[in-house]
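Below is the file input13.csv, which contains CSV, C-alpha atoms and all ligand atoms.
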```csv
chain,number,residue,atom,x,y,z
W,1,MET,CA,-96.5,33.7,187.7
W,2,GLN,CA,-94.2,36.6,188.6
W,3,LEU,CA,-93.1,38.5,185.4
W,4,THR,CA,-90.8,41.5,185.2
W,5,ASN,CA,-92.0,44.6,183.4
W,6,GLU,CA,-89.8,43.8,180.4
W,7,GLU,CA,-91.3,40.3,180.1
W,8,LEU,CA,-94.8,41.7,180.4
W,9,LYS,CA,-94.1,44.2,177.6
W,10,ILE,CA,-93.0,41.4,175.3
W,11,LYS,CA,-96.0,39.3,176.1
W,12,ILE,CA,-98.4,42.3,175.7
W,13,ASN,CA,-96.9,43.0,172.3
W,14,GLU,CA,-97.4,39.4,171.3
W,15,TYR,CA,-101.1,39.6,172.3
W,16,LYS,CA,-101.5,42.9,170.4
W,17,LYS,CA,-100.2,41.2,167.2
W,18,LYS,CA,-102.4,38.2,167.7
W,19,LEU,CA,-105.7,39.8,168.9
W,20,ASP,CA,-108.1,42.2,167.2
W,21,VAL,CA,-107.5,44.9,170.0
W,22,ALA,CA,-106.7,48.5,170.3
W,23,VAL,CA,-105.0,49.5,173.6
W,24,VAL,CA,-106.0,53.0,174.6
W,25,ALA,CA,-104.4,55.1,177.4
W,26,HIS,CA,-105.1,58.5,178.9
W,27,PHE,CA,-102.1,60.9,179.6
W,28,TYR,CA,-102.4,60.2,183.3
W,29,GLN,CA,-101.5,56.5,183.0
W,30,ARG,CA,-98.2,55.2,184.4
W,31,ASP,CA,-95.4,55.5,181.9
W,32,GLU,CA,-94.9,51.8,181.3
W,33,VAL,CA,-98.7,51.4,180.6
W,34,PHE,CA,-98.8,54.5,178.4
W,35,GLU,CA,-95.9,53.1,176.3
W,36,MET,CA,-98.0,50.1,175.4
W,37,ALA,CA,-100.9,52.1,173.9
W,38,ASP,CA,-102.0,52.3,170.3
W,39,ILE,CA,-104.1,55.4,171.0
W,40,THR,CA,-103.2,58.1,173.5
W,41,GLY,CA,-104.8,61.5,174.2
W,42,ASP,CA,-107.0,63.6,176.4
W,43,SER,CA,-110.5,62.5,177.2
W,44,LEU,CA,-112.0,64.1,174.1
W,45,GLU,CA,-109.4,62.8,171.7
W,46,LEU,CA,-109.7,59.3,173.2
W,47,ALA,CA,-113.5,59.3,172.7
W,48,ILE,CA,-113.2,60.5,169.1
W,49,ARG,CA,-110.2,58.4,168.0
W,50,THR,CA,-111.5,55.2,169.5
W,51,ILE,CA,-114.7,55.5,167.5
W,52,ASP,CA,-112.6,55.5,164.3
W,53,SER,CA,-110.6,52.4,165.4
W,54,LYS,CA,-111.6,49.2,163.5
W,55,ALA,CA,-110.6,46.9,166.4
W,56,LYS,CA,-113.2,44.7,167.9
W,57,PHE,CA,-111.9,45.0,171.5
W,58,VAL,CA,-110.9,48.3,173.1
W,59,VAL,CA,-108.6,47.8,176.1
W,60,PHE,CA,-109.1,51.1,177.9
W,61,CYS,CA,-106.4,52.2,180.3
W,62,GLY,CA,-108.0,55.1,182.2
W,63,VAL,CA,-111.0,55.6,184.5
W,64,GLY,CA,-114.6,54.2,184.1
W,65,PHE,CA,-116.3,57.2,182.6
W,66,MET,CA,-113.8,57.2,179.7
W,67,GLY,CA,-114.3,53.6,178.8
W,68,GLN,CA,-118.0,54.0,179.2
W,69,SER,CA,-118.0,57.0,176.8
W,70,VAL,CA,-116.4,54.7,174.1
W,71,LYS,CA,-119.1,52.1,174.7
W,72,VAL,CA,-121.8,54.6,174.5
W,73,LEU,CA,-120.5,56.1,171.3
W,74,SER,CA,-119.6,52.7,169.7
W,75,PRO,CA,-122.0,50.1,171.3
W,76,HIS,CA,-120.9,47.4,168.8
W,77,LYS,CA,-117.3,47.6,170.2
W,78,ARG,CA,-116.4,45.4,173.2
W,79,VAL,CA,-114.8,47.7,175.8
W,80,VAL,CA,-112.7,46.2,178.6
W,81,MET,CA,-110.8,47.9,181.3
W,82,PRO,CA,-107.6,46.4,182.8
W,83,LYS,CA,-108.7,47.9,186.1
W,84,ALA,CA,-112.2,48.9,186.9
W,85,ALA,CA,-110.9,52.3,188.2
W,86,CYS,CA,-113.4,55.0,189.0
W,87,CYS,CA,-112.8,58.8,188.7
W,88,ALA,CA,-113.5,60.3,192.2
W,89,MET,CA,-115.1,63.4,190.7
W,90,ALA,CA,-117.4,61.4,188.4
W,91,SER,CA,-118.5,59.3,191.5
W,92,MET,CA,-119.7,62.5,193.2
W,93,ILE,CA,-123.0,62.6,191.2
W,94,ASP,CA,-125.4,59.9,190.2
W,95,GLY,CA,-128.8,60.1,188.5
W,96,MET,CA,-130.6,60.7,191.8
W,97,GLN,CA,-128.3,63.6,192.8
W,98,PHE,CA,-128.8,65.1,189.3
W,99,ASP,CA,-132.5,65.1,189.9
W,100,VAL,CA,-132.1,66.7,193.3
W,101,SER,CA,-129.9,69.4,191.7
W,102,VAL,CA,-132.6,70.1,189.1
W,103,LYS,CA,-135.2,70.3,191.9
W,104,ALA,CA,-133.0,72.9,193.7
W,105,LEU,CA,-133.2,75.1,190.6
W,106,ASN,CA,-136.9,74.6,190.4
W,107,ASP,CA,-137.2,75.6,194.1
W,108,SER,CA,-135.4,78.8,193.2
W,109,GLY,CA,-138.1,79.6,190.6
W,110,ILE,CA,-136.3,78.2,187.6
W,111,SER,CA,-138.5,75.9,185.6
W,112,ASN,CA,-137.2,72.9,183.6
W,113,GLU,CA,-137.9,74.7,180.3
W,114,ASN,CA,-135.4,77.3,181.4
W,115,ILE,CA,-132.6,74.9,182.4
W,116,LEU,CA,-130.0,73.6,180.0
W,117,PRO,CA,-127.8,71.0,181.7
W,118,ILE,CA,-124.2,70.4,180.7
W,119,THR,CA,-122.2,67.6,182.1
W,120,TYR,CA,-118.4,67.4,182.1
W,121,ILE,CA,-117.4,64.2,180.4
W,122,ASN,CA,-116.1,63.1,183.9
W,123,SER,CA,-119.5,61.8,184.8
W,124,ASN,CA,-121.1,58.4,184.5
W,125,ALA,CA,-123.4,57.3,181.6
W,126,GLU,CA,-126.5,57.6,183.8
W,127,VAL,CA,-125.9,61.3,184.4
W,128,LYS,CA,-125.1,61.9,180.7
W,129,ALA,CA,-128.4,60.2,179.8
W,130,LYS,CA,-130.3,62.5,182.2
W,131,VAL,CA,-128.6,65.5,180.6
W,132,GLY,CA,-129.4,64.2,177.1
W,133,MET,CA,-133.1,63.7,178.1
W,134,MET,CA,-133.3,67.4,179.2
W,135,GLY,CA,-131.9,68.6,175.9
W,136,GLY,CA,-128.4,69.1,177.2
W,137,MET,CA,-125.0,68.0,176.2
W,138,VAL,CA,-121.5,66.9,177.3
W,139,CYS,CA,-118.3,69.0,177.4
W,140,THR,CA,-114.7,68.3,178.1
W,141,SER,CA,-112.0,70.6,179.5
W,142,SER,CA,-110.8,71.3,176.0
W,143,ASN,CA,-114.2,72.5,174.6
W,144,ALA,CA,-116.1,73.7,177.6
W,145,LYS,CA,-116.0,77.3,176.6
W,146,LYS,CA,-117.3,76.6,173.1
W,147,ILE,CA,-120.1,74.3,174.4
W,148,ILE,CA,-121.2,76.9,177.0
W,149,THR,CA,-121.1,79.7,174.4
W,150,THR,CA,-123.4,77.7,172.2
W,151,ALA,CA,-125.7,76.6,175.0
W,152,LEU,CA,-126.2,80.2,176.2
W,153,LYS,CA,-127.6,81.1,172.8
W,154,GLU,CA,-130.7,79.2,173.9
W,155,GLY,CA,-131.2,81.9,176.6
W,156,LYS,CA,-131.5,79.4,179.5
W,157,LYS,CA,-129.7,79.0,182.8
W,158,ILE,CA,-127.0,76.4,182.6
W,159,LEU,CA,-126.8,73.6,185.2
W,160,PHE,CA,-123.2,72.5,185.1
W,161,VAL,CA,-122.2,69.1,186.7
W,162,PRO,CA,-120.2,67.7,188.4
W,163,ASP,CA,-117.1,70.0,188.4
W,164,ARG,CA,-117.6,73.2,190.3
W,165,CYS,CA,-114.2,74.6,189.4
W,166,LEU,CA,-114.5,74.0,185.6
W,167,GLY,CA,-117.9,75.7,185.6
W,168,GLN,CA,-116.7,78.6,187.7
W,169,ASN,CA,-113.5,79.0,185.6
W,170,ILE,CA,-115.5,79.1,182.3
W,171,ALA,CA,-118.0,81.6,183.8
W,172,ASN,CA,-115.0,83.9,184.9
W,173,GLN,CA,-113.4,83.7,181.5
W,174,MET,CA,-116.7,84.6,179.8
W,175,GLY,CA,-117.6,87.4,182.3
W,176,LEU,CA,-120.7,85.4,183.4
W,177,LYS,CA,-122.2,85.0,186.9
W,178,SER,CA,-121.9,81.6,188.6
W,179,ALA,CA,-123.3,80.0,191.7
W,180,VAL,CA,-122.6,76.7,193.5
W,181,LEU,CA,-125.4,74.5,194.7
W,182,GLY,CA,-125.5,74.3,198.5
W,183,ASP,CA,-122.9,76.9,199.3
W,184,GLY,CA,-125.3,79.8,199.8
W,185,THR,CA,-124.6,81.6,196.6
W,186,ASN,CA,-127.5,83.1,194.7
W,187,ILE,CA,-128.8,80.6,192.2
W,188,ALA,CA,-131.6,82.7,190.8
W,189,ASP,CA,-129.1,85.5,189.8
W,190,ALA,CA,-126.5,83.2,188.1
W,191,ASP,CA,-126.0,82.3,184.5
W,192,ILE,CA,-124.1,79.0,185.3
W,193,ILE,CA,-125.2,77.0,188.4
W,194,CYS,CA,-122.6,74.4,189.3
W,195,PHE,CA,-122.9,71.2,191.2
W,196,ASN,CA,-120.5,71.1,194.1
W,197,GLY,CA,-118.2,68.4,192.8
W,198,PHE,CA,-114.4,68.6,192.4
W,199,CYS,CA,-111.2,66.7,191.7
W,200,SER,CA,-109.2,65.9,194.8
W,201,VAL,CA,-106.0,65.7,192.8
W,202,HIS,CA,-106.4,69.2,191.3
W,203,GLN,CA,-107.3,70.6,194.8
W,204,LEU,CA,-103.7,69.9,195.8
W,205,PHE,CA,-102.4,73.1,194.1
W,206,SER,CA,-102.5,76.4,196.0
W,207,VAL,CA,-101.9,80.1,195.3
W,208,ASP,CA,-99.0,79.7,197.8
W,209,ASP,CA,-97.4,77.1,195.5
W,210,ILE,CA,-97.6,79.7,192.7
W,211,LYS,CA,-96.1,82.4,194.9
W,212,PHE,CA,-93.3,80.0,195.9
W,213,TYR,CA,-92.3,79.2,192.3
W,214,ARG,CA,-92.6,82.8,191.1
W,215,LYS,CA,-90.3,83.9,194.0
W,216,LYS,CA,-87.8,81.1,193.5
W,217,TYR,CA,-87.6,81.3,189.7
W,218,PRO,CA,-88.5,84.9,188.5
W,219,GLY,CA,-89.8,84.6,185.0
W,220,ILE,CA,-91.2,81.1,185.5
W,221,LEU,CA,-94.6,80.3,183.8
W,222,ILE,CA,-97.5,78.6,185.6
W,223,ALA,CA,-99.7,76.3,183.5
W,224,VAL,CA,-102.7,74.5,185.1
W,225,HIS,CA,-105.7,72.4,184.3
W,226,PRO,CA,-109.2,74.0,184.6
W,227,GLU,CA,-110.1,71.5,187.3
W,228,CYS,CA,-108.0,73.7,189.6
W,229,ASP,CA,-109.7,76.2,191.8
W,230,PRO,CA,-110.6,79.6,190.1
W,231,ALA,CA,-108.0,81.3,192.4
W,232,ILE,CA,-105.3,79.1,191.0
W,233,CYS,CA,-106.4,79.6,187.4
W,234,ASP,CA,-106.6,83.4,187.8
W,235,ALA,CA,-103.0,83.5,189.2
W,236,SER,CA,-101.7,81.3,186.3
W,237,ASP,CA,-100.3,82.2,182.9
W,238,PHE,CA,-102.0,79.4,181.0
W,239,VAL,CA,-105.1,77.2,181.7
W,240,GLY,CA,-105.9,74.2,179.4
W,241,SER,CA,-106.9,70.6,179.1
W,242,THR,CA,-104.2,67.9,179.2
W,243,SER,CA,-103.6,68.1,175.4
W,244,GLN,CA,-103.6,71.9,175.5
W,245,LEU,CA,-101.1,71.8,178.4
W,246,ILE,CA,-98.8,69.4,176.5
W,247,LYS,CA,-98.8,71.6,173.4
W,248,TYR,CA,-98.2,74.8,175.4
W,249,ILE,CA,-95.3,73.3,177.4
W,250,THR,CA,-93.6,71.4,174.6
W,251,GLU,CA,-93.6,74.5,172.4
W,252,LEU,CA,-91.8,76.6,175.1
W,253,PRO,CA,-88.1,77.5,174.5
W,254,GLU,CA,-85.8,74.9,176.0
W,255,ASP,CA,-84.6,77.2,178.8
W,256,GLN,CA,-88.1,78.5,179.8
W,257,LYS,CA,-89.1,77.3,183.3
W,258,VAL,CA,-92.7,76.2,183.8
W,259,ALA,CA,-94.5,74.8,186.8
W,260,VAL,CA,-97.5,72.7,185.9
W,261,GLY,CA,-100.7,72.1,187.9
W,262,THR,CA,-102.0,68.7,186.8
W,263,GLU,CA,-101.5,65.0,187.4
W,264,PHE,CA,-97.9,63.8,188.1
W,265,ASN,CA,-97.4,61.1,185.5
W,266,MET,CA,-98.2,63.5,182.7
W,267,VAL,CA,-96.0,66.4,184.0
W,268,ASN,CA,-93.1,64.0,184.7
W,269,ARG,CA,-93.2,62.7,181.1
W,270,LEU,CA,-93.2,66.1,179.5
W,271,ARG,CA,-89.7,67.7,179.6
W,272,ALA,CA,-86.8,66.5,181.7
W,273,LYS,CA,-85.5,70.0,182.3
W,274,ASN,CA,-87.2,73.2,183.5
W,275,THR,CA,-90.6,71.6,184.1
W,276,TYR,CA,-91.8,71.5,187.7
W,277,VAL,CA,-94.7,69.9,189.5
W,278,LEU,CA,-96.7,72.8,191.0
W,279,SER,CA,-97.2,71.1,194.4
W,280,SER,CA,-95.1,69.9,197.3
W,281,THR,CA,-97.5,66.9,197.5
W,282,LYS,CA,-97.1,64.5,194.6
W,283,PRO,CA,-100.4,65.0,192.6
W,284,GLU,CA,-101.0,61.4,191.6
W,285,CYS,CA,-104.5,60.4,190.6
W,286,PRO,CA,-104.9,57.2,192.7
W,287,THR,CA,-107.4,55.6,190.4
W,288,MET,CA,-105.5,56.4,187.1
W,289,ASN,CA,-102.5,54.9,188.8
W,290,GLU,CA,-104.3,51.6,189.6
W,291,THR,CA,-103.7,50.1,186.2
W,292,THR,CA,-100.4,48.2,186.0
W,293,LEU,CA,-98.7,46.4,183.1
W,294,ARG,CA,-99.8,43.1,184.8
W,295,ASP,CA,-103.4,44.2,184.5
W,296,VAL,CA,-103.0,45.0,180.8
W,297,TYR,CA,-101.4,41.5,180.3
W,298,ASP,CA,-104.2,39.8,182.3
W,299,ILE,CA,-106.9,41.5,180.4
W,300,LEU,CA,-105.4,40.6,177.0
W,301,LYS,CA,-104.9,37.0,178.2
W,302,SER,CA,-108.6,36.9,179.2
W,303,ILE,CA,-109.6,38.1,175.7
W,304,ASP,CA,-107.4,35.4,174.2
W,305,GLU,CA,-109.0,32.8,176.4
W,306,GLY,CA,-112.5,33.9,175.2
W,307,GLU,CA,-113.6,35.2,178.6
W,308,PRO,CA,-112.9,38.9,178.7
W,309,LEU,CA,-112.6,40.5,182.2
W,310,ASN,CA,-114.1,43.8,183.3
W,311,GLU,CA,-116.2,44.4,180.2
W,312,ILE,CA,-118.2,47.6,180.2
W,313,LEU,CA,-121.9,47.2,179.6
W,314,VAL,CA,-124.4,50.0,179.4
W,315,ASP,CA,-128.2,49.4,179.3
W,316,GLU,CA,-130.0,50.3,176.0
W,317,ASN,CA,-131.9,53.3,177.3
W,318,THR,CA,-129.0,54.9,179.1
W,319,GLN,CA,-126.8,54.3,176.1
W,320,LYS,CA,-129.3,55.9,173.8
W,321,TRP,CA,-129.7,59.2,175.8
W,322,ALA,CA,-126.0,59.4,176.9
W,323,LYS,CA,-125.1,59.1,173.2
W,324,ILE,CA,-127.4,61.9,172.3
W,325,ALA,CA,-125.7,64.2,174.9
W,326,LEU,CA,-122.2,63.1,173.6
W,327,ASP,CA,-123.2,63.5,169.9
W,328,ARG,CA,-124.5,67.1,170.6
W,329,MET,CA,-121.0,67.9,171.8
W,330,LEU,CA,-119.3,66.1,168.9
W,331,ALA,CA,-121.5,67.9,166.4
W,332,LEU,CA,-120.0,71.2,167.6
W,401,LIG,P1,-108.7,65.9,180.0
W,401,LIG,O1,-110.1,66.0,179.5
W,401,LIG,O2,-108.0,67.2,180.0
W,401,LIG,O3,-108.0,64.7,179.5
W,401,LIG,O4,-108.8,65.6,181.6
W,401,LIG,C1,-109.5,64.5,182.1
W,401,LIG,C2,-109.2,64.5,183.6
W,401,LIG,O5,-109.7,63.6,184.2
W,401,LIG,C3,-108.5,65.5,184.2
W,401,LIG,O6,-108.4,65.3,185.6
W,402,LIG,FE1,-110.9,62.1,188.0
W,402,LIG,FE2,-109.3,63.9,189.1
W,402,LIG,FE3,-108.4,61.5,188.5
W,402,LIG,FE4,-109.0,63.3,186.6
W,402,LIG,S1,-107.4,63.5,188.1
W,402,LIG,S2,-109.5,61.1,186.6
W,402,LIG,S3,-110.8,64.3,187.5
W,402,LIG,S4,-110.0,61.9,190.0
```

Could you render the structure as structure tokens?
Amino acid sequence: MQLTNEELKIKINEYKKKLDVAVVAHFYQRDEVFEMADITGDSLELAIRTIDSKAKFVVFCGVGFMGQSVKVLSPHKRVVMPKAACCAMASMIDGMQFDVSVKALNDSGISNENILPITYINSNAEVKAKVGMMGGMVCTSSNAKKIITTALKEGKKILFVPDRCLGQNIANQMGLKSAVLGDGTNIADADIICFNGFCSVHQLFSVDDIKFYRKKYPGILIAVHPECDPAICDASDFVGSTSQLIKYITELPEDQKVAVGTEFNMVNRLRAKNTYVLSSTKPECPTMNETTLRDVYDILKSIDEGEPLNEILVDENTQKWAKIALDRMLAL
């Protein structure tokens, strides 16, 4: 049956009253989906706040690794996703590629005892579990610097997966040496060795975009997500996670212009005036945008009918070790 967005919203609200569910949405979701959420936030906030939710079903509007993190942290909860959408960066590495990366370090003379792996939360549970088994932990874009500072106290080399840019940006901020697997940089000499993964959405921003805005609007500020290339972050005024960007931008004086380098839906929602998207190409995350109001309605209907669709399941051993890696982060 064809329903308008307004009709879907009414029906979704009816299901939310009737069912034991919490609807959760990341900042990058479409506006109409985001409005339906009980819990919103960046990836770290969503993981933490969803653990505290009492609801039996978590309807997670986001990408796979986010819903999976909730399942890993709260295995008793039933986590369903309106769309089984997958973060392109998280898909760049699986357990086997993680093992190959460790082997590349071994081949450069770095033994396993001297490797501390850290995985960005944008990775699947299998990779988090591998990291947990090696004594490592998870980080997000909001706490990566803190996690790496703590990890370095162990005096080991850090293997950072999957986001090359986040790893390099943190290394630059901390005055550390970084290398990227497979690009010819010197692994043996680096403090942080990054897997060569990236986010295609955050690769859309360029230093030329920054130059363009600075020339067009003298005094404009540039704020970007740390998944952007180090050259972009170095040329910006502020670098932060989605929540940190929102705080920074909403606290600016009304007449301060700012150009933002992150996903379109979030930037578009921030401030009507004086906020610009730092790219001539619309930086939409294709998979975040897959979830529609219709999908939210369909998933709630499936819960009501006793046959939930797209339920996230993680095997026991993967859940155990991935949770250890996530818990190490949460403990900090
Ligand atoms: P945050 O951790 O800042 O929410 O970012 C997640 C993400 O996927 C950014 O592309
Ligand atoms: Fe993944 Fe990039 Fe989309 Fe974030 S914006 S969910 S990193 S593909």

### Query
Using only C-alpha atoms, which residues sit within 9 Å of range 138-148 of chain W once same-chain residues fewer than 2 positions away are excluded, as a PyMOL selection string?
chain W and resi 42-44+117-122+128+131-132+136+150-153+158+166-167+170-171+173-174+225-227+240-244+322+325-330+332

### Message
Please compute the CA of Ser91 in chain W-CA of Val314 in chain W distance, one decimal, in Å.
### Response
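CA of Ser91 in chain W sits 16.4 Å away from CA of Val314 in chain W.
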
### Task
Please give me, as a ChimeraX atom specification, the residues lying within 8 Å of ligand LIG 402 (chain W) when counting all atoms listed in the file.
/W:28,62-63,86-90,122,198-202,227,262-263,284-288

### Message
Using Å and a single decimal, report how far CA of Ala231 in chain W sits from CA of Lys273 in chain W.
### Response
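According to the coordinates, CA of Lys273 in chain W and CA of Ala231 in chain W are separated by 27.1 Å.
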
### Summary
Expressed in Å, the length from CA of Ile10 in chain W to CA of Asn265 in chain W is 22.6 Å

### Shortest interatomic distance to Cys233 in chain W - which of W:Gly219, W:Gly261, W:Pro253, W:Pro283, counting all atoms listed in the file
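Checking each candidate against Cys233 in chain W, we get W:Gly261 as the closest.
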
### Task
Tell me which of W:Ile246, W:Val260, W:Ala190, W:Leu270 sits closest to ligand LIG 401 (chain W), counting all atoms listed in the file.
W:Ile246

### Query
Nearest to Tyr15 in chain W: which of W:Asp209, W:Asp52, W:Glu45, W:Glu305 is it, counting all atoms listed in the file?
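Closest residue, counting all atoms listed in the file: W:Glu305.
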
### For His76 in chain W: contacts at 10 Å, all atoms listed in the file, fewer than 3 positions along chain excluded, given as a PyMOL selection string
chain W and resi 56-57+71-73+79
